[in-house]
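Reading through the structure tokens given below for one structure.
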Amino acid sequence: MSVVVVGSINQDVVARVNRIPGPGETVLASAMVRTGGGKGANQAVAARRAGGASVAFVGSVGSDQEGEGLRHALVVDGIDVSGLSQVEGPSGMAFISVDDSADNAIVVVPGANAAATTLTPEQRSLVATASVLLTQLEIPTDLVQDAASTRGAQAWHLLNAAPSAPFVAASAALLASVDVLIVNQHEALDIAGVNDLETAVMSLAPSVRALVVTLGRRGSIVVCGEERADVPAFAADAVDTTGAGDTFCGVFAAALAASGRVPGDVDAALLADAARAGAAAAAIAVTRTGAQDAVPSAAEVAALIERANE
Ligand code: ATP
């Protein structure tokens, strides 16, 4: 059982501000943290800390100091980095402002994440071993497509279509390769090209084996064929929601890998169980600052689920 995450890896610079500045405005931050980030790397960390599956990360860092630090952080987490390339130039960077109500605004500079549009032979062998391939769209869509067509016949492809703009541009080709499409509410509306959630769900669900729409503190919706499940969020005192979606996706992927089930054998109950695990991990993550730093251990998640069941 292995999860292979193909995606972005960034150095995050997180500033705490009273409120997110508007155009032309400057605000002073009360604190700053530098931490590992990037949707791909965050999701790999979340999948790994969930336990139950081996996790490999496929992506690119730059030839700068940040790249070395980012690689090291994944190794410390027990993630296989044999598919992490180093390319000449800067690593990806993300500048994140988090305000007093835990909302965030993010600018991503892709750097090394934009370098590759095809997998290297070594990355290809790794992707072929995956039972779950997990991708997002902070890397070129051609690379996502390459990974999707490289995965084994019985392997899941979970696409977290975030950010949604590249998906809108490449949707038909990408959709055909997806087993489970995971999007937040904003992405669902954007991809469906509508402004009502129910219409978006009805329009997206038939195109994929399964659809998961996350709704922040309102939980998530899982749709699988004719079946549908609403998965509530766990109560949390949120201080920073950065990485909630990534934590959810990584833990969701690990749960599917641990189930031993294959895409042809999917049902809403399986996906709802995976979404519940993802929701529990994300509820803990939002109580902490940062992305990878905020991802809880399997023991913390199990304890939260146990308390919720009492
Ligand atoms: P982000 O971009 O901030 O990382 P996202 O927009 O991709 O996140 P969300 O829908 O905000 O994803 O959150 C994913 C899941 O995390 C939700 O379905 C929910 O289970 C959990 N979650 C998010 N915010 C909260 C919160 N404030 N309290 C409890 N759980 C939360």
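Naming scheme: A, B, ... for chains in displayed order of the structure tokens; residues 1 onward per chain; ligands 1 onward as shown.
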Neighbours of Val178 (chain A) within 8 Å (only C-alpha atoms; same-chain residues fewer than 2 positions away dropped), as a PDB file with N, CA, C and O atoms, in the first residue's frame?
ATOM      1  N   ALA A 148      -0.590  10.494 -14.241  1.00  0.00           N
ATOM      2  CA  ALA A 148      -1.862   9.759 -14.276  1.00  0.00           C
ATOM      3  C   ALA A 148      -1.786   8.596 -15.259  1.00  0.00           C
ATOM      4  O   ALA A 148      -2.267   7.491 -14.978  1.00  0.00           O
ATOM      5  N   TRP A 156      -5.494   4.200  -7.779  1.00  0.00           N
ATOM      6  CA  TRP A 156      -6.384   5.356  -7.751  1.00  0.00           C
ATOM      7  C   TRP A 156      -5.640   6.589  -8.240  1.00  0.00           C
ATOM      8  O   TRP A 156      -4.448   6.749  -7.958  1.00  0.00           O
ATOM      9  N   HIS A 157      -6.347   7.475  -8.933  1.00  0.00           N
ATOM     10  CA  HIS A 157      -5.825   8.831  -9.142  1.00  0.00           C
ATOM     11  C   HIS A 157      -6.764   9.807  -8.439  1.00  0.00           C
ATOM     12  O   HIS A 157      -7.922   9.967  -8.846  1.00  0.00           O
ATOM     13  N   LEU A 158      -6.258  10.421  -7.372  1.00  0.00           N
ATOM     14  CA  LEU A 158      -7.001  11.468  -6.680  1.00  0.00           C
ATOM     15  C   LEU A 158      -6.426  12.798  -7.145  1.00  0.00           C
ATOM     16  O   LEU A 158      -5.236  13.050  -6.964  1.00  0.00           O
ATOM     17  N   LEU A 159      -7.261  13.621  -7.753  1.00  0.00           N
ATOM     18  CA  LEU A 159      -6.808  14.953  -8.178  1.00  0.00           C
ATOM     19  C   LEU A 159      -7.460  16.005  -7.302  1.00  0.00           C
ATOM     20  O   LEU A 159      -8.689  16.129  -7.266  1.00  0.00           O
ATOM     21  N   LEU A 174      -7.762  16.058 -18.450  1.00  0.00           N
ATOM     22  CA  LEU A 174      -7.447  15.675 -17.074  1.00  0.00           C
ATOM     23  C   LEU A 174      -8.560  14.831 -16.463  1.00  0.00           C
ATOM     24  O   LEU A 174      -8.293  13.818 -15.810  1.00  0.00           O
ATOM     25  N   LEU A 175      -9.793  15.259 -16.677  1.00  0.00           N
ATOM     26  CA  LEU A 175     -10.932  14.581 -16.045  1.00  0.00           C
ATOM     27  C   LEU A 175     -10.965  13.097 -16.367  1.00  0.00           C
ATOM     28  O   LEU A 175     -11.294  12.277 -15.514  1.00  0.00           O
ATOM     29  N   ALA A 176     -10.604  12.754 -17.602  1.00  0.00           N
ATOM     30  CA  ALA A 176     -10.677  11.363 -18.032  1.00  0.00           C
ATOM     31  C   ALA A 176      -9.780  10.458 -17.187  1.00  0.00           C
ATOM     32  O   ALA A 176     -10.014   9.261 -17.093  1.00  0.00           O
ATOM     33  N   VAL A 180     -11.054  10.201  -8.223  1.00  0.00           N
ATOM     34  CA  VAL A 180     -11.725  11.039  -7.226  1.00  0.00           C
ATOM     35  C   VAL A 180     -11.231  12.477  -7.410  1.00  0.00           C
ATOM     36  O   VAL A 180     -10.033  12.746  -7.305  1.00  0.00           O
ATOM     37  N   LEU A 181     -12.175  13.364  -7.694  1.00  0.00           N
ATOM     38  CA  LEU A 181     -11.870  14.791  -7.811  1.00  0.00           C
ATOM     39  C   LEU A 181     -12.172  15.440  -6.462  1.00  0.00           C
ATOM     40  O   LEU A 181     -13.279  15.300  -5.942  1.00  0.00           O
ATOM     41  N   VAL A 208     -16.742  12.117 -13.090  1.00  0.00           N
ATOM     42  CA  VAL A 208     -15.700  11.354 -12.384  1.00  0.00           C
ATOM     43  C   VAL A 208     -16.333  10.196 -11.617  1.00  0.00           C
ATOM     44  O   VAL A 208     -17.534  10.187 -11.380  1.00  0.00           O
ATOM     45  N   ARG A 209     -15.493   9.232 -11.230  1.00  0.00           N
ATOM     46  CA  ARG A 209     -15.987   8.117 -10.421  1.00  0.00           C
ATOM     47  C   ARG A 209     -16.568   8.632  -9.107  1.00  0.00           C
ATOM     48  O   ARG A 209     -17.592   8.168  -8.640  1.00  0.00           O
TER      49      ARG A 209
END
Compile the contact shell of region 236-253 of chain A as a short mmCIF file (atom, residue, chain, number, x, y, z; two decimals) with N, CA, C and O atoms, in the first residue's frame: residues with an atom at most 8 Å away, counting only C-alpha atoms, same-chain residues fewer than 3 positions apart removed.
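Output file out35.cif is given in full below:
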data_model
loop_
_atom_site.label_atom_id
_atom_site.label_comp_id
_atom_site.auth_asym_id
_atom_site.auth_seq_id
_atom_site.Cartn_x
_atom_site.Cartn_y
_atom_site.Cartn_z
N VAL A 3 1.24 5.49 -1.12
CA VAL A 3 0.73 6.74 -1.69
C VAL A 3 1.89 7.43 -2.36
O VAL A 3 2.96 7.59 -1.75
N LYS A 39 1.43 22.53 -1.89
CA LYS A 39 0.32 21.58 -1.74
C LYS A 39 0.80 20.14 -1.78
O LYS A 39 0.36 19.31 -0.99
N GLY A 40 1.69 19.83 -2.72
CA GLY A 40 2.15 18.45 -2.86
C GLY A 40 2.86 17.98 -1.60
O GLY A 40 2.53 16.93 -1.03
N ASN A 42 2.84 19.27 1.41
CA ASN A 42 1.93 19.26 2.58
C ASN A 42 1.10 17.98 2.58
O ASN A 42 0.90 17.35 3.62
N GLN A 43 0.61 17.61 1.42
CA GLN A 43 -0.26 16.43 1.34
C GLN A 43 0.55 15.15 1.61
O GLN A 43 0.05 14.20 2.22
N ALA A 44 1.81 15.13 1.13
CA ALA A 44 2.67 13.97 1.41
C ALA A 44 2.90 13.83 2.91
O ALA A 44 2.84 12.73 3.48
N VAL A 45 3.16 14.96 3.58
CA VAL A 45 3.39 14.93 5.03
C VAL A 45 2.13 14.44 5.75
O VAL A 45 2.19 13.60 6.66
N ALA A 46 0.98 14.94 5.32
CA ALA A 46 -0.28 14.52 5.96
C ALA A 46 -0.53 13.03 5.76
O ALA A 46 -0.94 12.32 6.69
N ALA A 47 -0.27 12.55 4.54
CA ALA A 47 -0.48 11.12 4.25
C ALA A 47 0.46 10.27 5.11
O ALA A 47 0.07 9.24 5.67
N ARG A 48 1.70 10.72 5.24
CA ARG A 48 2.69 9.95 6.00
C ARG A 48 2.35 9.92 7.49
O ARG A 48 2.42 8.88 8.13
N ALA A 50 -0.43 10.14 8.80
CA ALA A 50 -1.65 9.35 9.05
C ALA A 50 -1.30 7.89 9.32
O ALA A 50 -2.08 7.14 9.89
N VAL A 98 -1.86 35.64 7.23
CA VAL A 98 -2.96 35.06 7.99
C VAL A 98 -3.51 36.14 8.91
O VAL A 98 -2.74 36.76 9.67
N ASP A 100 -6.54 37.88 11.78
CA ASP A 100 -7.04 37.53 13.10
C ASP A 100 -8.21 36.56 13.07
O ASP A 100 -8.46 35.86 14.05
N SER A 101 -8.92 36.50 11.94
CA SER A 101 -10.04 35.55 11.89
C SER A 101 -9.61 34.25 11.20
O SER A 101 -10.46 33.46 10.78
N ALA A 102 -8.29 34.02 11.09
CA ALA A 102 -7.71 32.78 10.55
C ALA A 102 -7.88 32.65 9.04
O ALA A 102 -7.61 31.59 8.49
N ASP A 103 -8.33 33.71 8.38
CA ASP A 103 -8.38 33.68 6.92
C ASP A 103 -6.99 33.94 6.36
O ASP A 103 -6.16 34.55 7.04
N ASN A 104 -6.77 33.52 5.11
CA ASN A 104 -5.44 33.75 4.56
C ASN A 104 -5.51 34.27 3.12
O ASN A 104 -6.52 34.15 2.44
N VAL A 132 -2.13 4.52 -4.55
CA VAL A 132 -2.88 5.78 -4.68
C VAL A 132 -1.94 6.86 -5.20
O VAL A 132 -0.89 7.13 -4.60
N LEU A 134 -1.70 10.79 -5.83
CA LEU A 134 -2.38 12.02 -5.39
C LEU A 134 -1.70 13.22 -6.05
O LEU A 134 -0.48 13.39 -5.92
N LEU A 158 -6.26 10.42 -7.37
CA LEU A 158 -7.00 11.47 -6.68
C LEU A 158 -6.43 12.80 -7.14
O LEU A 158 -5.24 13.05 -6.96
N ASN A 160 -6.62 16.74 -6.58
CA ASN A 160 -7.10 17.91 -5.85
C ASN A 160 -6.90 19.09 -6.82
O ASN A 160 -5.78 19.54 -7.00
N ILE A 182 -11.15 16.11 -5.90
CA ILE A 182 -11.34 16.77 -4.60
C ILE A 182 -11.17 18.27 -4.80
O ILE A 182 -10.12 18.72 -5.29
N ASN A 184 -12.40 22.39 -3.14
CA ASN A 184 -13.14 23.15 -2.13
C ASN A 184 -14.31 23.84 -2.84
O ASN A 184 -14.46 23.75 -4.07
N THR A 214 -15.00 19.98 -0.34
CA THR A 214 -14.80 20.37 1.06
C THR A 214 -15.38 21.77 1.27
O THR A 214 -15.30 22.63 0.39
N LEU A 256 -7.55 5.69 1.89
CA LEU A 256 -7.90 4.85 0.74
C LEU A 256 -6.83 3.77 0.51
O LEU A 256 -7.16 2.61 0.24
N ALA A 257 -5.57 4.17 0.62
CA ALA A 257 -4.48 3.19 0.44
C ALA A 257 -4.59 2.09 1.49
O ALA A 257 -4.48 0.90 1.17
N ALA A 274 -13.02 7.80 4.66
CA ALA A 274 -11.75 8.48 4.38
C ALA A 274 -11.89 9.98 4.63
O ALA A 274 -10.99 10.62 5.18
N ALA A 275 -13.06 10.54 4.27
CA ALA A 275 -13.28 11.98 4.47
C ALA A 275 -13.37 12.31 5.96
O ALA A 275 -12.93 13.37 6.40
N ALA A 277 -11.75 10.74 8.35
CA ALA A 277 -10.36 10.76 8.85
C ALA A 277 -9.69 12.08 8.44
O ALA A 277 -9.00 12.73 9.25
N GLY A 278 -9.90 12.48 7.20
CA GLY A 278 -9.32 13.74 6.72
C GLY A 278 -9.83 14.93 7.51
O GLY A 278 -9.07 15.84 7.87
N ALA A 279 -11.13 14.92 7.81
CA ALA A 279 -11.74 16.03 8.55
C ALA A 279 -11.18 16.12 9.97
O ALA A 279 -10.94 17.22 10.48
N ALA A 281 -8.19 15.13 11.02
CA ALA A 281 -6.82 15.65 10.95
C ALA A 281 -6.83 17.15 10.65
O ALA A 281 -6.08 17.93 11.26
N ALA A 282 -7.71 17.57 9.74
CA ALA A 282 -7.76 18.99 9.38
C ALA A 282 -8.26 19.84 10.54
O ALA A 282 -7.81 20.98 10.73
N ALA A 283 -9.17 19.29 11.35
CA ALA A 283 -9.70 20.04 12.50
C ALA A 283 -8.59 20.32 13.51
O ALA A 283 -8.59 21.36 14.19
N ILE A 284 -7.65 19.41 13.63
CA ILE A 284 -6.50 19.67 14.52
C ILE A 284 -5.54 20.65 13.85
O ILE A 284 -5.05 21.59 14.47
N ALA A 285 -5.32 20.47 12.55
CA ALA A 285 -4.38 21.34 11.83
C ALA A 285 -4.77 22.82 11.91
O ALA A 285 -3.91 23.69 12.02
N VAL A 286 -6.08 23.11 11.87
CA VAL A 286 -6.50 24.52 11.88
C VAL A 286 -6.30 25.19 13.24
O VAL A 286 -6.38 26.41 13.35
N THR A 287 -6.03 24.40 14.27
CA THR A 287 -5.77 24.99 15.59
C THR A 287 -4.30 25.37 15.75
O THR A 287 -3.89 25.84 16.80
N ARG A 288 -3.50 25.13 14.71
CA ARG A 288 -2.05 25.40 14.77
C ARG A 288 -1.64 26.27 13.58
O ARG A 288 -2.27 26.22 12.53
N THR A 289 -0.53 26.98 13.74
CA THR A 289 -0.05 27.84 12.67
C THR A 289 0.78 27.04 11.67
O THR A 289 1.49 26.11 12.05
N GLY A 290 0.68 27.43 10.39
CA GLY A 290 1.54 26.83 9.37
C GLY A 290 0.84 25.69 8.65
O GLY A 290 -0.31 25.36 8.94
N ALA A 291 1.57 25.10 7.68
CA ALA A 291 0.99 24.02 6.89
C ALA A 291 1.54 22.68 7.39
O ALA A 291 0.88 22.00 8.19
N GLN A 292 2.76 22.33 6.99
CA GLN A 292 3.30 21.03 7.41
C GLN A 292 3.46 20.94 8.93
O GLN A 292 3.22 19.89 9.53
N ALA A 294 1.63 22.04 11.10
CA ALA A 294 0.34 21.92 11.78
C ALA A 294 -0.27 20.53 11.65
O ALA A 294 -1.24 20.20 12.33
N VAL A 295 0.29 19.69 10.77
CA VAL A 295 -0.33 18.38 10.50
C VAL A 295 -0.17 17.46 11.71
O VAL A 295 0.94 17.26 12.19
#
- Item | Selection near region 258-270 of chain A, 8 Å with only C-alpha atoms, sequence-local residues under 3 positions removed, as a ChimeraX atom specification | /A:1,52-53,154-156,179,222-224,227-229,254-255,273-274
- Item | strand (DSSP E or B) call set, DSSP backbone run, region 64-115 of chain A, as number ranges by chain | A: 80-86, 92-98, 104-109
Using C-alpha atoms, can you export the residues from the last selection as a PDB file, in the first residue's frame?
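Saved as selection_21.pdb:
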ATOM      1  CA  ASP A  80      10.677   8.580   0.212  1.00  0.00           C
ATOM      2  CA  VAL A  81      12.369  11.454  -1.671  1.00  0.00           C
ATOM      3  CA  SER A  82      14.047   9.364  -4.382  1.00  0.00           C
ATOM      4  CA  GLY A  83      11.662  11.056  -6.843  1.00  0.00           C
ATOM      5  CA  LEU A  84      12.513  14.594  -5.710  1.00  0.00           C
ATOM      6  CA  SER A  85      14.638  16.259  -8.434  1.00  0.00           C
ATOM      7  CA  GLN A  86      16.923  19.225  -7.976  1.00  0.00           C
ATOM      8  CA  GLY A  92       9.123  27.458  -5.027  1.00  0.00           C
ATOM      9  CA  MET A  93       8.130  30.122  -2.481  1.00  0.00           C
ATOM     10  CA  ALA A  94       4.771  31.041  -0.982  1.00  0.00           C
ATOM     11  CA  PHE A  95       4.051  34.315   0.813  1.00  0.00           C
ATOM     12  CA  ILE A  96       1.105  33.797   3.139  1.00  0.00           C
ATOM     13  CA  SER A  97      -0.742  36.403   5.212  1.00  0.00           C
ATOM     14  CA  VAL A  98      -2.963  35.058   7.991  1.00  0.00           C
ATOM     15  CA  ASN A 104      -5.436  33.753   4.555  1.00  0.00           C
ATOM     16  CA  ALA A 105      -4.216  35.273   1.296  1.00  0.00           C
ATOM     17  CA  ILE A 106      -1.425  33.516  -0.587  1.00  0.00           C
ATOM     18  CA  VAL A 107       0.983  34.439  -3.393  1.00  0.00           C
ATOM     19  CA  VAL A 108       2.905  31.477  -4.830  1.00  0.00           C
ATOM     20  CA  VAL A 109       6.109  31.887  -6.872  1.00  0.00           C
TER      21      VAL A 109
END
Excluding same-chain residues fewer than 2 positions from Thr117 (chain A), what lies within 9 Å of it counting only C-alpha atoms, as a PDB file with all heavy atoms, in the first residue's frame?
ATOM      1  N   ALA A 114       7.774  24.631 -11.575  1.00  0.00           N
ATOM      2  CA  ALA A 114       7.310  24.797 -12.959  1.00  0.00           C
ATOM      3  C   ALA A 114       8.262  24.142 -13.952  1.00  0.00           C
ATOM      4  O   ALA A 114       7.996  24.142 -15.163  1.00  0.00           O
ATOM      5  CB  ALA A 114       7.185  26.290 -13.275  1.00  0.00           C
ATOM      6  N   ALA A 115       9.382  23.549 -13.440  1.00  0.00           N
ATOM      7  CA  ALA A 115      10.462  23.134 -14.345  1.00  0.00           C
ATOM      8  C   ALA A 115      10.121  21.927 -15.218  1.00  0.00           C
ATOM      9  O   ALA A 115      10.522  21.867 -16.380  1.00  0.00           O
ATOM     10  CB  ALA A 115      11.721  22.841 -13.532  1.00  0.00           C
ATOM     11  N   LEU A 119       7.746  13.184 -16.330  1.00  0.00           N
ATOM     12  CA  LEU A 119       8.451  12.502 -15.243  1.00  0.00           C
ATOM     13  C   LEU A 119       9.813  12.024 -15.736  1.00  0.00           C
ATOM     14  O   LEU A 119       9.966  11.686 -16.914  1.00  0.00           O
ATOM     15  CB  LEU A 119       7.651  11.278 -14.786  1.00  0.00           C
ATOM     16  CG  LEU A 119       6.258  11.539 -14.200  1.00  0.00           C
ATOM     17  CD1 LEU A 119       5.510  10.213 -14.028  1.00  0.00           C
ATOM     18  CD2 LEU A 119       6.354  12.270 -12.866  1.00  0.00           C
ATOM     19  N   ILE A 139       1.682  22.395 -10.174  1.00  0.00           N
ATOM     20  CA  ILE A 139       2.727  21.969 -11.111  1.00  0.00           C
ATOM     21  C   ILE A 139       2.093  21.941 -12.510  1.00  0.00           C
ATOM     22  O   ILE A 139       0.864  21.964 -12.619  1.00  0.00           O
ATOM     23  CB  ILE A 139       3.290  20.572 -10.735  1.00  0.00           C
ATOM     24  CG1 ILE A 139       2.132  19.559 -10.609  1.00  0.00           C
ATOM     25  CG2 ILE A 139       4.107  20.643  -9.458  1.00  0.00           C
ATOM     26  CD1 ILE A 139       2.593  18.133 -10.409  1.00  0.00           C
ATOM     27  N   PRO A 140       2.906  21.866 -13.577  1.00  0.00           N
ATOM     28  CA  PRO A 140       2.299  21.856 -14.917  1.00  0.00           C
ATOM     29  C   PRO A 140       1.297  20.704 -15.087  1.00  0.00           C
ATOM     30  O   PRO A 140       1.547  19.585 -14.627  1.00  0.00           O
ATOM     31  CB  PRO A 140       3.515  21.677 -15.835  1.00  0.00           C
ATOM     32  CG  PRO A 140       4.661  22.250 -15.055  1.00  0.00           C
ATOM     33  CD  PRO A 140       4.379  21.903 -13.616  1.00  0.00           C
ATOM     34  N   THR A 141       0.177  21.002 -15.752  1.00  0.00           N
ATOM     35  CA  THR A 141      -0.845  19.957 -15.922  1.00  0.00           C
ATOM     36  C   THR A 141      -0.315  18.791 -16.766  1.00  0.00           C
ATOM     37  O   THR A 141      -0.746  17.655 -16.600  1.00  0.00           O
ATOM     38  CB  THR A 141      -2.134  20.514 -16.584  1.00  0.00           C
ATOM     39  OG1 THR A 141      -1.753  21.258 -17.733  1.00  0.00           O
ATOM     40  CG2 THR A 141      -2.901  21.402 -15.647  1.00  0.00           C
ATOM     41  N   ASP A 142       0.656  19.062 -17.644  1.00  0.00           N
ATOM     42  CA  ASP A 142       1.241  17.966 -18.440  1.00  0.00           C
ATOM     43  C   ASP A 142       1.924  16.940 -17.531  1.00  0.00           C
ATOM     44  O   ASP A 142       1.912  15.740 -17.809  1.00  0.00           O
ATOM     45  CB  ASP A 142       2.274  18.511 -19.444  1.00  0.00           C
ATOM     46  CG  ASP A 142       1.600  19.184 -20.619  1.00  0.00           C
ATOM     47  OD1 ASP A 142       0.365  19.043 -20.760  1.00  0.00           O
ATOM     48  OD2 ASP A 142       2.304  19.866 -21.390  1.00  0.00           O
ATOM     49  N   LEU A 143       2.542  17.433 -16.450  1.00  0.00           N
ATOM     50  CA  LEU A 143       3.209  16.522 -15.520  1.00  0.00           C
ATOM     51  C   LEU A 143       2.167  15.678 -14.776  1.00  0.00           C
ATOM     52  O   LEU A 143       2.363  14.467 -14.571  1.00  0.00           O
ATOM     53  CB  LEU A 143       4.065  17.333 -14.529  1.00  0.00           C
ATOM     54  CG  LEU A 143       4.965  16.540 -13.596  1.00  0.00           C
ATOM     55  CD1 LEU A 143       5.955  15.674 -14.360  1.00  0.00           C
ATOM     56  CD2 LEU A 143       5.718  17.478 -12.647  1.00  0.00           C
ATOM     57  N   VAL A 144       1.065  16.303 -14.401  1.00  0.00           N
ATOM     58  CA  VAL A 144      -0.029  15.574 -13.741  1.00  0.00           C
ATOM     59  C   VAL A 144      -0.561  14.493 -14.685  1.00  0.00           C
ATOM     60  O   VAL A 144      -0.756  13.336 -14.304  1.00  0.00           O
ATOM     61  CB  VAL A 144      -1.159  16.541 -13.343  1.00  0.00           C
ATOM     62  CG1 VAL A 144      -2.379  15.775 -12.824  1.00  0.00           C
ATOM     63  CG2 VAL A 144      -0.671  17.539 -12.296  1.00  0.00           C
ATOM     64  N   ASP A 146       0.998  13.088 -17.193  1.00  0.00           N
ATOM     65  CA  ASP A 146       2.014  12.046 -17.365  1.00  0.00           C
ATOM     66  C   ASP A 146       1.941  11.055 -16.199  1.00  0.00           C
ATOM     67  O   ASP A 146       1.959   9.833 -16.388  1.00  0.00           O
ATOM     68  CB  ASP A 146       3.406  12.706 -17.461  1.00  0.00           C
ATOM     69  CG  ASP A 146       4.470  11.720 -17.912  1.00  0.00           C
ATOM     70  OD1 ASP A 146       4.116  10.627 -18.398  1.00  0.00           O
ATOM     71  OD2 ASP A 146       5.671  12.047 -17.772  1.00  0.00           O
TER      72      ASP A 146
END
- Item | Residue nearest Ser2 (chain A) - candidates A:Ala200, A:Ala147, A:Val33, A:Ala130, atoms counted: only C-alpha atoms |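 Closest residue, counting only C-alpha atoms: A:Ala130.
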- Task: From a DSSP pass on the backbone, collect the residues of region 115-241 of chain A flagged as helix (DSSP H, G or I) and hand them back as a PyMOL selection string.
- Result: chain A and resi 121-128+141-150+165-175+185-192+197-207+216-218
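Closest approach to ligand 1 among A:Ser171, A:Gln136, A:Gln123, A:Thr150 is made by A:Gln136 (distances from only C-alpha atoms and all ligand atoms).
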- Message: Under the rule that only C-alpha atoms are counted, which of A:Gly78, A:Ala298, A:Ser30, A:Gln11 is the nearest residue to Gly111 (chain A)?
- Response: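 Of A:Gly78, A:Ala298, A:Ser30, A:Gln11, the one nearest Gly111 (chain A) is A:Gln11, counting only C-alpha atoms.
Picture a line from CA of Gly38 (chain A) to CA of Asn18 (chain A); it runs 24.0 Å.
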- Query: Expressed in Å to a single decimal, how great is the separation between atom 1 (P, counted along the ligand's line) of ligand 1 and CA of Ala280 (chain A)?
  - Reply: 14.6 Å
- From the list A:Ser164, A:Thr35, A:Ser125, A:Thr120, the nearest residue to ligand 1 using only C-alpha atoms and all ligand atoms is A:Ser164
- Message: Would you compute the distance between atom 9 (P, counted along the ligand's line) of ligand 1 and CA of Ser149 (chain A)? Give it in Å to one decimal.
- Response: 28.1 Å
